[in-house]
file protein15.pdb (PDB, C-alpha atoms)
ATOM      1  CA  MET A   1      81.323 111.362  96.415
ATOM      2  CA  LEU A   2      81.391 108.936  93.487
ATOM      3  CA  MET A   3      81.289 111.858  91.057
ATOM      4  CA  VAL A   4      84.178 113.499  92.905
ATOM      5  CA  TRP A   5      86.107 110.217  92.633
ATOM      6  CA  LEU A   6      85.507 110.133  88.872
ATOM      7  CA  VAL A   7      86.726 113.722  88.428
ATOM      8  CA  PHE A   8      89.870 113.139  90.492
ATOM      9  CA  CYS A   9      90.511 109.848  88.696
ATOM     10  CA  ALA A  10      90.239 111.551  85.302
ATOM     11  CA  VAL A  11      92.717 114.250  86.355
ATOM     12  CA  LEU A  12      95.216 111.668  87.612
ATOM     13  CA  LEU A  13      94.946 109.433  84.553
ATOM     14  CA  ASN A  14      95.288 112.399  82.214
ATOM     15  CA  THR A  15      98.518 113.398  83.958
ATOM     16  CA  TYR A  16     100.170 110.103  84.893
ATOM     17  CA  LEU A  17      98.787 107.378  82.601
ATOM     18  CA  PRO A  18     101.984 107.025  80.473
ATOM     19  CA  MET A  19     104.134 106.465  83.567
ATOM     20  CA  MET A  20     101.805 104.285  85.654
ATOM     21  CA  ASN A  21     103.165 100.856  86.478
ATOM     22  CA  PHE A  22     103.166  98.071  89.061
ATOM     23  CA  VAL A  23     106.681  97.907  90.486
ATOM     24  CA  GLY A  24     108.570  95.645  92.858
ATOM     25  CA  LEU A  25     110.459  96.678  95.961
ATOM     26  CA  ASP A  26     113.614  97.400  93.963
ATOM     27  CA  ASP A  27     111.929  99.997  91.747
ATOM     28  CA  ILE A  28     109.720 101.768  94.281
ATOM     29  CA  TYR A  29     111.797 104.930  94.604
ATOM     30  CA  GLN A  30     112.221 105.280  90.850
ATOM     31  CA  GLN A  31     108.442 105.052  90.404
ATOM     32  CA  ARG A  32     107.918 107.602  93.175
ATOM     33  CA  GLU A  33     110.060 110.064  91.266
ATOM     34  CA  LEU A  34     108.009 109.494  88.116
ATOM     35  CA  GLY A  35     104.747 109.879  90.017
ATOM     36  CA  ALA A  36     105.753 112.898  92.082
ATOM     37  CA  ALA A  37     103.239 115.734  92.184
ATOM     38  CA  THR A  38     103.868 118.212  89.373
ATOM     39  CA  SER A  39     102.221 121.076  91.259
ATOM     40  CA  LEU A  40     100.629 121.961  94.592
ATOM     41  CA  PHE A  41      97.210 121.290  93.072
ATOM     42  CA  MET A  42      98.253 117.839  91.857
ATOM     43  CA  GLY A  43      99.685 117.083  95.287
ATOM     44  CA  TYR A  44      96.306 117.760  96.871
ATOM     45  CA  VAL A  45      94.586 115.644  94.214
ATOM     46  CA  GLN A  46      96.865 112.684  94.958
ATOM     47  CA  VAL A  47      96.503 112.883  98.721
ATOM     48  CA  TYR A  48      92.751 113.450  98.838
ATOM     49  CA  PHE A  49      92.122 110.723  96.257
ATOM     50  CA  ALA A  50      94.138 108.129  98.180
ATOM     51  CA  TYR A  51      93.516 109.128 101.790
ATOM     52  CA  MET A  52      89.974 110.500 101.825
ATOM     53  CA  ILE A  53      87.831 109.852  98.746
ATOM     54  CA  SER A  54      88.713 106.185  98.132
ATOM     55  CA  PRO A  55      88.552 105.298 101.867
ATOM     56  CA  PHE A  56      85.160 107.011 102.069
ATOM     57  CA  LEU A  57      83.804 104.931  99.187
ATOM     58  CA  LEU A  58      85.195 101.691 100.616
ATOM     59  CA  SER A  59      83.706 102.336 104.069
ATOM     60  CA  TYR A  60      80.408 103.409 102.522
ATOM     61  CA  GLY A  61      80.356 100.270 100.389
ATOM     62  CA  LEU A  62      80.945  98.112 103.462
ATOM     63  CA  LEU A  63      78.212  99.949 105.359
ATOM     64  CA  LYS A  64      75.633  99.619 102.588
ATOM     65  CA  LYS A  65      76.975  96.264 101.303
ATOM     66  CA  ASN A  66      77.408  97.929  97.920
ATOM     67  CA  VAL A  67      79.919  95.941  95.868
ATOM     68  CA  LEU A  68      80.215  98.657  93.208
ATOM     69  CA  TYR A  69      81.509 101.207  95.690
ATOM     70  CA  MET A  70      83.979  98.689  97.114
ATOM     71  CA  ILE A  71      85.339  97.883  93.651
ATOM     72  CA  VAL A  72      85.617 101.563  92.724
ATOM     73  CA  ALA A  73      87.495 102.269  95.959
ATOM     74  CA  VAL A  74      89.945  99.394  95.440
ATOM     75  CA  VAL A  75      90.551 100.566  91.863
ATOM     76  CA  GLY A  76      91.340 103.997  93.302
ATOM     77  CA  PHE A  77      93.958 102.545  95.640
ATOM     78  CA  LEU A  78      95.490 100.545  92.774
ATOM     79  CA  ILE A  79      95.676 103.630  90.553
ATOM     80  CA  MET A  80      97.457 105.591  93.260
ATOM     81  CA  PHE A  81      99.901 102.753  93.903
ATOM     82  CA  MET A  82     100.704 102.599  90.194
ATOM     83  CA  ILE A  83     101.440 106.335  90.317
ATOM     84  CA  THR A  84     103.296 106.856  93.609
ATOM     85  CA  ALA A  85     104.294 103.291  94.602
ATOM     86  CA  GLU A  86     103.340 104.002  98.218
ATOM     87  CA  ARG A  87     103.119 100.733 100.110
ATOM     88  CA  THR A  88     100.775 102.393 102.596
ATOM     89  CA  VAL A  89      98.239 103.049  99.839
ATOM     90  CA  MET A  90      98.383  99.393  98.796
ATOM     91  CA  LEU A  91      97.712  98.236 102.357
ATOM     92  CA  LEU A  92      94.944 100.739 103.135
ATOM     93  CA  PRO A  93      91.998  98.754 101.682
ATOM     94  CA  PHE A  94      92.931  95.698 103.764
ATOM     95  CA  VAL A  95      93.377  97.724 106.949
ATOM     96  CA  ILE A  96      90.163  99.703 106.410
ATOM     97  CA  PHE A  97      88.269  96.436 105.881
ATOM     98  CA  ILE A  98      89.693  94.979 109.109
ATOM     99  CA  VAL A  99      88.970  98.162 111.084
ATOM    100  CA  TYR A 100      85.396  98.243 109.800
ATOM    101  CA  MET A 101      84.779  94.596 110.723
ATOM    102  CA  VAL A 102      86.315  95.051 114.171
ATOM    103  CA  CYS A 103      84.038  98.020 114.871
ATOM    104  CA  ALA A 104      80.947  96.469 113.274
ATOM    105  CA  LYS A 105      81.283  93.324 115.382
ATOM    106  CA  GLY A 106      81.911  95.273 118.590
ATOM    107  CA  LEU A 107      85.495  94.077 118.975
ATOM    108  CA  ASN A 108      86.646  97.607 119.874
ATOM    109  CA  SER A 109      85.092  97.413 123.353
ATOM    110  CA  TYR A 110      87.076  98.082 126.530
ATOM    111  CA  LYS A 111      87.519  94.353 127.096
ATOM    112  CA  HIS A 112      88.954  93.700 123.647
ATOM    113  CA  VAL A 113      91.207  96.764 123.808
ATOM    114  CA  CYS A 114      92.646  95.469 127.087
ATOM    115  CA  ILE A 115      93.263  92.072 125.507
ATOM    116  CA  PHE A 116      95.038  93.749 122.585
ATOM    117  CA  VAL A 117      97.249  95.807 124.920
ATOM    118  CA  ILE A 118      98.193  92.726 126.944
ATOM    119  CA  PHE A 119      98.919  90.744 123.778
ATOM    120  CA  SER A 120     101.078  93.579 122.396
ATOM    121  CA  SER A 121     103.016  93.797 125.655
ATOM    122  CA  LEU A 122     103.667  90.066 125.676
ATOM    123  CA  LEU A 123     104.723  90.186 122.034
ATOM    124  CA  ASN A 124     107.215  92.959 122.803
ATOM    125  CA  PHE A 125     108.550  90.848 125.665
ATOM    126  CA  VAL A 126     109.075  87.862 123.347
ATOM    127  CA  ILE A 127     110.721  90.035 120.683
ATOM    128  CA  SER A 128     113.115  91.613 123.180
ATOM    129  CA  PHE A 129     114.375  88.246 124.405
ATOM    130  CA  PHE A 130     114.437  86.154 121.230
ATOM    131  CA  TYR A 131     115.114  88.489 118.279
ATOM    132  CA  LEU A 132     118.762  87.356 118.148
ATOM    133  CA  ASN A 133     117.782  83.698 117.935
ATOM    134  CA  SER A 134     115.156  83.813 115.187
ATOM    135  CA  ASP A 135     114.983  85.612 111.851
ATOM    136  CA  VAL A 136     111.176  85.538 112.002
ATOM    137  CA  VAL A 137     111.119  87.174 115.429
ATOM    138  CA  ASP A 138     113.741  89.662 114.261
ATOM    139  CA  LYS A 139     111.604  90.731 111.276
ATOM    140  CA  LEU A 140     108.518  90.882 113.473
ATOM    141  CA  GLY A 141     110.414  93.057 115.900
ATOM    142  CA  PHE A 142     111.497  95.441 113.153
ATOM    143  CA  TYR A 143     107.984  96.073 111.881
ATOM    144  CA  PHE A 144     105.990  95.778 115.105
ATOM    145  CA  LEU A 145     108.319  97.076 117.816
ATOM    146  CA  THR A 146     110.900  99.232 116.053
ATOM    147  CA  ARG A 147     108.731 101.013 113.484
ATOM    148  CA  THR A 148     105.545 101.403 115.526
ATOM    149  CA  MET A 149     106.921 102.079 119.008
ATOM    150  CA  ALA A 150     110.658 102.682 119.121
ATOM    151  CA  LEU A 151     111.069 105.043 116.144
ATOM    152  CA  PRO A 152     108.422 107.576 117.262
ATOM    153  CA  GLY A 153     110.164 107.792 120.625
ATOM    154  CA  ILE A 154     113.671 108.302 119.259
ATOM    155  CA  LEU A 155     112.427 110.791 116.659
ATOM    156  CA  PHE A 156     110.752 112.852 119.379
ATOM    157  CA  SER A 157     114.071 112.925 121.228
ATOM    158  CA  GLN A 158     115.987 113.895 118.078
ATOM    159  CA  TYR A 159     113.562 116.698 117.259
ATOM    160  CA  TYR A 160     113.774 118.107 120.771
ATOM    161  CA  ASP A 161     117.565 117.846 120.979
ATOM    162  CA  LEU A 162     118.112 119.564 117.622
ATOM    163  CA  PHE A 163     115.598 122.386 117.852
ATOM    164  CA  SER A 164     116.225 123.145 121.516
ATOM    165  CA  LYS A 165     119.890 123.614 120.597
ATOM    166  CA  LEU A 166     119.582 125.541 117.315
ATOM    167  CA  GLY A 167     116.339 127.339 118.101
ATOM    168  CA  PHE A 168     112.669 126.447 118.213
ATOM    169  CA  THR A 169     110.504 127.116 115.177
ATOM    170  CA  TYR A 170     107.660 128.784 117.132
ATOM    171  CA  TRP A 171     105.346 127.199 114.548
ATOM    172  CA  SER A 172     106.919 129.183 111.715
ATOM    173  CA  HIS A 173     107.129 125.877 109.795
ATOM    174  CA  VAL A 174     103.327 125.943 109.494
ATOM    175  CA  THR A 175     102.143 127.387 106.189
ATOM    176  CA  GLY A 176     100.662 130.809 106.832
ATOM    177  CA  LEU A 177     102.091 131.247 110.318
ATOM    178  CA  GLY A 178     105.597 131.461 108.869
ATOM    179  CA  ALA A 179     104.749 134.818 107.309
ATOM    180  CA  LEU A 180     103.685 136.168 110.708
ATOM    181  CA  VAL A 181     106.364 134.640 112.939
ATOM    182  CA  GLY A 182     109.333 134.678 110.584
ATOM    183  CA  VAL A 183     111.868 131.946 109.915
ATOM    184  CA  PRO A 184     114.443 131.502 112.724
ATOM    185  CA  ASP A 185     117.977 132.556 111.750
ATOM    186  CA  ALA A 186     119.315 129.000 112.127
ATOM    187  CA  TYR A 187     117.136 127.827 109.232
ATOM    188  CA  ALA A 188     116.808 130.986 107.121
ATOM    189  CA  ASP A 189     119.345 129.791 104.543
ATOM    190  CA  ASP A 190     118.414 126.107 104.682
ATOM    191  CA  ALA A 191     116.960 124.995 101.349
ATOM    192  CA  LYS A 192     115.069 122.223 103.140
ATOM    193  CA  TRP A 193     113.003 124.613 105.264
ATOM    194  CA  PRO A 194     110.163 124.157 106.300
ATOM    195  CA  MET A 195     110.522 120.371 105.857
ATOM    196  CA  LEU A 196     111.580 119.585 109.415
ATOM    197  CA  GLY A 197     111.943 115.871 108.699
ATOM    198  CA  LYS A 198     114.612 116.516 106.077
ATOM    199  CA  ILE A 199     116.411 118.982 108.356
ATOM    200  CA  VAL A 200     116.527 116.423 111.174
ATOM    201  CA  ALA A 201     117.718 113.670 108.828
ATOM    202  CA  GLU A 202     120.556 115.831 107.530
ATOM    203  CA  ARG A 203     121.704 117.503 110.754
ATOM    204  CA  VAL A 204     121.174 114.644 113.215
ATOM    205  CA  ILE A 205     121.655 111.459 111.196
ATOM    206  CA  GLY A 206     123.765 112.921 108.388
ATOM    207  CA  VAL A 207     121.747 111.487 105.499
ATOM    208  CA  GLU A 208     119.572 112.834 102.697
ATOM    209  CA  SER A 209     116.238 111.475 103.825
ATOM    210  CA  ASN A 210     113.004 112.526 105.490
ATOM    211  CA  SER A 211     112.673 111.741 109.195
ATOM    212  CA  ASN A 212     108.972 112.475 109.492
ATOM    213  CA  ALA A 213     107.607 112.376 113.018
ATOM    214  CA  SER A 214     104.335 112.763 114.878
ATOM    215  CA  LEU A 215     102.576 116.028 115.668
ATOM    216  CA  PHE A 216     104.045 115.940 119.185
ATOM    217  CA  ALA A 217     107.552 116.130 117.728
ATOM    218  CA  THR A 218     106.952 118.480 114.787
ATOM    219  CA  ASP A 219     104.313 120.838 116.198
ATOM    220  CA  GLY A 220     105.313 120.319 119.813
ATOM    221  CA  ALA A 221     108.953 119.665 120.663
ATOM    222  CA  ALA A 222     110.368 121.379 117.566
ATOM    223  CA  ALA A 223     108.007 124.335 117.863
ATOM    224  CA  PHE A 224     108.527 125.298 121.502
ATOM    225  CA  GLY A 225     109.831 122.386 123.545
ATOM    226  CA  ALA A 226     107.707 121.239 126.485
ATOM    227  CA  VAL A 227     105.442 124.272 126.144
ATOM    228  CA  GLY A 228     104.930 123.415 122.493
ATOM    229  CA  VAL A 229     103.904 119.861 123.373
ATOM    230  CA  PHE A 230     101.317 121.231 125.806
ATOM    231  CA  VAL A 231      99.974 123.693 123.224
ATOM    232  CA  ILE A 232      99.624 121.125 120.455
ATOM    233  CA  CYS A 233      97.985 118.689 122.885
ATOM    234  CA  VAL A 234      95.350 121.320 123.702
ATOM    235  CA  ILE A 235      94.743 122.089 120.009
ATOM    236  CA  PHE A 236      94.639 118.396 119.118
ATOM    237  CA  SER A 237      92.226 117.684 121.981
ATOM    238  CA  LEU A 238      89.868 120.429 120.841
ATOM    239  CA  TRP A 239      89.856 118.959 117.335
ATOM    240  CA  LEU A 240      89.120 115.494 118.733
ATOM    241  CA  ILE A 241      86.241 116.871 120.818
ATOM    242  CA  VAL A 242      84.696 118.526 117.762
ATOM    243  CA  LEU A 243      85.260 115.417 115.630
ATOM    244  CA  ASP A 244      83.740 113.202 118.312
ATOM    245  CA  SER A 245      80.739 115.507 118.560
ATOM    246  CA  VAL A 246      79.914 115.333 114.844
ATOM    247  CA  GLY A 247      81.045 111.723 114.455
ATOM    248  CA  ASN A 248      78.781 110.402 117.220
ATOM    249  CA  ARG A 249      75.781 111.178 115.032
ATOM    250  CA  TRP A 250      76.963 108.651 112.436
ATOM    251  CA  ASN A 251      77.467 104.922 112.164
ATOM    252  CA  ARG A 252      80.541 104.228 114.268
ATOM    253  CA  ALA A 253      82.085 101.543 112.051
ATOM    254  CA  PHE A 254      81.739 103.788 108.999
ATOM    255  CA  VAL A 255      83.304 106.845 110.653
ATOM    256  CA  ILE A 256      86.208 105.031 112.292
ATOM    257  CA  SER A 257      87.163 103.054 109.182
ATOM    258  CA  ALA A 258      86.775 106.020 106.812
ATOM    259  CA  LEU A 259      88.892 108.195 109.107
ATOM    260  CA  PHE A 260      91.610 105.576 109.602
ATOM    261  CA  PRO A 261      93.950 107.182 107.004
ATOM    262  CA  VAL A 262      93.748 110.451 108.957
ATOM    263  CA  SER A 263      94.620 108.718 112.226
ATOM    264  CA  TYR A 264      97.506 106.930 110.516
ATOM    265  CA  ALA A 265      98.829 110.185 109.056
ATOM    266  CA  LEU A 266      98.737 111.775 112.514
ATOM    267  CA  THR A 267     101.421 109.334 113.670
ATOM    268  CA  ASN A 268     103.823 110.575 111.015
ATOM    269  CA  GLY A 269     103.194 114.217 110.225
ATOM    270  CA  SER A 270     102.343 117.722 111.346
ATOM    271  CA  PHE A 271      98.845 118.227 112.720
ATOM    272  CA  PHE A 272      98.353 121.311 110.578
ATOM    273  CA  THR A 273      99.376 119.367 107.474
ATOM    274  CA  ILE A 274      96.851 116.671 108.357
ATOM    275  CA  LEU A 275      94.127 119.299 108.727
ATOM    276  CA  SER A 276      94.749 120.804 105.310
ATOM    277  CA  SER A 277      96.146 117.981 103.180
ATOM    278  CA  PHE A 278      94.669 114.748 104.557
ATOM    279  CA  GLY A 279      91.109 115.873 105.199
ATOM    280  CA  GLY A 280      91.338 116.486 108.936
ATOM    281  CA  LEU A 281      89.370 119.720 108.663
ATOM    282  CA  LEU A 282      87.266 118.745 105.652
ATOM    283  CA  TRP A 283      86.010 115.607 107.402
ATOM    284  CA  VAL A 284      84.611 117.693 110.259
ATOM    285  CA  VAL A 285      82.861 120.014 107.816
ATOM    286  CA  LEU A 286      81.417 117.164 105.738
ATOM    287  CA  LEU A 287      80.209 115.152 108.718
ATOM    288  CA  LEU A 288      78.554 118.210 110.204
ATOM    289  CA  ALA A 289      76.947 119.348 106.953
ATOM    290  CA  ALA A 290      75.770 115.932 105.773
ATOM    291  CA  SER A 291      74.439 114.850 109.172
ATOM    292  CA  ARG A 292      71.355 116.997 108.559
ATOM    293  CA  LYS A 293      70.410 114.650 105.730
ATOM    294  CA  ASN A 294      70.646 111.591 108.013
ATOM    295  CA  LYS A 295      72.392 109.786 105.186
ATOM    296  CA  PHE A 296      74.824 107.541 107.020
ATOM    297  CA  GLN A 297      73.740 108.140 110.586
ATOM    298  CA  GLN A 298      73.292 105.497 113.228
ATOM    299  CA  THR A 299      69.610 105.402 114.113
TER     300      THR A 299
END
call {"tool": "encode", "arguments": {"input": "protein15.pdb", "output": "structure tokens"}}
result
Amino acid sequence: MLMVWLVFCAVLLNTYLPMMNFVGLDDIYQQRELGAATSLFMGYVQVYFAYMISPFLLSYGLLKKNVLYMIVAVVGFLIMFMITAERTVMLLPFVIFIVYMVCAKGLNSYKHVCIFVIFSSLLNFVISFFYLNSDVVDKLGFYFLTRTMALPGILFSQYYDLFSKLGFTYWSHVTGLGALVGVPDAYADDAKWPMLGKIVAERVIGVESNSNASLFATDGAAAFGAVGVFVICVIFSLWLIVLDSVGNRWNRAFVISALFPVSYALTNGSFFTILSSFGGLLWVVLLLAASRKNKFQQT
């Protein structure tokens, strides 16, 4: 995987080195325009480098206590931030480290999960009652309550309301299936198709933005309403069963931390996009193929 990292790094530096830069919050969107993928191939290189290869190396370094791999991984995250200015990429190494330590120390047990749920519920209670009286609580509420809990709910509602009125997509927004199903008439002339997030932002909110939502909204509610939600739940469950089957053969802390970017992406994108672009399918293949070598397995 280190050799793959080096190849991807060389491709990225060869393409974006003149425009790479550390930017502040005011210049993030300008840097994102400069670092935008120049082709479909480059888009895959960016995503796999940031969300699969570098996380793999960081988790592997933590597992084997290999400082070199940790440093290489962090450098990878820094390179991608200097290209795309994605705040998520900058935070990933910290989150992956925390997730690994939580799993390695057994803090992901049923008892600790219950404590976390109770703490989160109490925190939401405090935010709901005191956000008007404290700027700190207000900011905490925006990032913890609004962005992580409230927005996914309202986006699901917006997706269902719009597509149930104008016409469901019947999964025609999925690359490949669109050629078989055909684009619904309501979106045939829309330049934003098949980017459902941009369609929702324009037609529901009235802004030029991208209202990305979870797989339950994009591949469920927008695709075929309640039936679509049931279908995508079945497909998603089957994928989880397969992933759990191959992942159980490996060190748990390594697998969970390395796959964290995939789980994060699932909260804000189409399941089929996650399979193809964020390593959802490739992870299953790699874990299954490499498990025969007993390289990272839990013994």
call {"tool": "residues_around", "arguments": {"input": "protein15.pdb", "residues": "Tyr264 (chain A)", "least_positions_apart": "6", "cutoff": "12 Å", "atoms": "all atoms listed in the file", "output": "list in words"}}
result
Tyr51, Thr88, Val89, Leu91, Leu92, Val95, Ile96, Thr148, Ala213, Ser214, Leu215, Ile256, Ser257, Ala258, Ser270, Phe271, Ile274, Phe278 and Gly280 of chain A
call {"tool": "residues_around", "arguments": {"input": "protein15.pdb", "residues": "Glu33 (chain A)", "least_positions_apart": "5", "cutoff": "10 Å", "atoms": "all atoms listed in the file", "output": "list in words"}}
result
Ile28, Ile83, Thr84 and Ala85 of chain A
call {"tool": "residues_around", "arguments": {"input": "protein15.pdb", "residues": "Val126 (chain A)", "least_positions_apart": "4", "cutoff": "12 Å", "atoms": "only C-alpha atoms", "output": "list of chain:residue names"}}
result
A:Phe119, A:Ser120, A:Ser121, A:Leu122, A:Phe130, A:Tyr131, A:Leu132, A:Asn133, A:Ser134, A:Val136, A:Val137, A:Asp138, A:Leu140, A:Gly141, A:Phe144, A:Leu145
call {"tool": "write_last_selection", "arguments": {"input": "protein15.pdb", "atoms": "C-alpha atoms", "output": "PDB file, in the coordinates of the input"}}
result
ATOM      1  CA  PHE A 119      98.919  90.744 123.778  1.00  0.00           C
ATOM      2  CA  SER A 120     101.078  93.579 122.396  1.00  0.00           C
ATOM      3  CA  SER A 121     103.016  93.797 125.655  1.00  0.00           C
ATOM      4  CA  LEU A 122     103.667  90.066 125.676  1.00  0.00           C
ATOM      5  CA  PHE A 130     114.437  86.154 121.230  1.00  0.00           C
ATOM      6  CA  TYR A 131     115.114  88.489 118.279  1.00  0.00           C
ATOM      7  CA  LEU A 132     118.762  87.356 118.148  1.00  0.00           C
ATOM      8  CA  ASN A 133     117.782  83.698 117.935  1.00  0.00           C
ATOM      9  CA  SER A 134     115.156  83.813 115.187  1.00  0.00           C
ATOM     10  CA  VAL A 136     111.176  85.538 112.002  1.00  0.00           C
ATOM     11  CA  VAL A 137     111.119  87.174 115.429  1.00  0.00           C
ATOM     12  CA  ASP A 138     113.741  89.662 114.261  1.00  0.00           C
ATOM     13  CA  LEU A 140     108.518  90.882 113.473  1.00  0.00           C
ATOM     14  CA  GLY A 141     110.414  93.057 115.900  1.00  0.00           C
ATOM     15  CA  PHE A 144     105.990  95.778 115.105  1.00  0.00           C
ATOM     16  CA  LEU A 145     108.319  97.076 117.816  1.00  0.00           C
TER      17      LEU A 145
END
call {"tool": "residues_around", "arguments": {"input": "protein15.pdb", "residues": "region 198-200 of chain A", "least_positions_apart": "6", "cutoff": "7 Å", "atoms": "only C-alpha atoms", "output": "VMD selection string"}}
result
chain A and resid 159 192 209 to 211
call {"tool": "write_last_selection", "arguments": {"input": "protein15.pdb", "atoms": "C-alpha atoms", "output": "tab-separated table (two decimals), in the coordinates of the input"}}
result
chain	number	residue	atom	x	y	z
A	159	TYR	CA	113.56	116.70	117.26
A	192	LYS	CA	115.07	122.22	103.14
A	209	SER	CA	116.24	111.48	103.82
A	210	ASN	CA	113.00	112.53	105.49
A	211	SER	CA	112.67	111.74	109.20
call {"tool": "closest_residue", "arguments": {"input": "protein15.pdb", "among": "A:Trp193, A:Tyr48, A:Tyr60, A:Phe230", "to": "Thr175 (chain A)", "atoms": "only C-alpha atoms"}}
result
A:Trp193
call {"tool": "resolve_selection", "arguments": {"input": "protein15.pdb", "expression": "the PyMOL selection byres ((chain A and resi 9-22) around 7)", "output": "number ranges by chain"}}
result
A: 5-8, 23, 34-35, 82-83
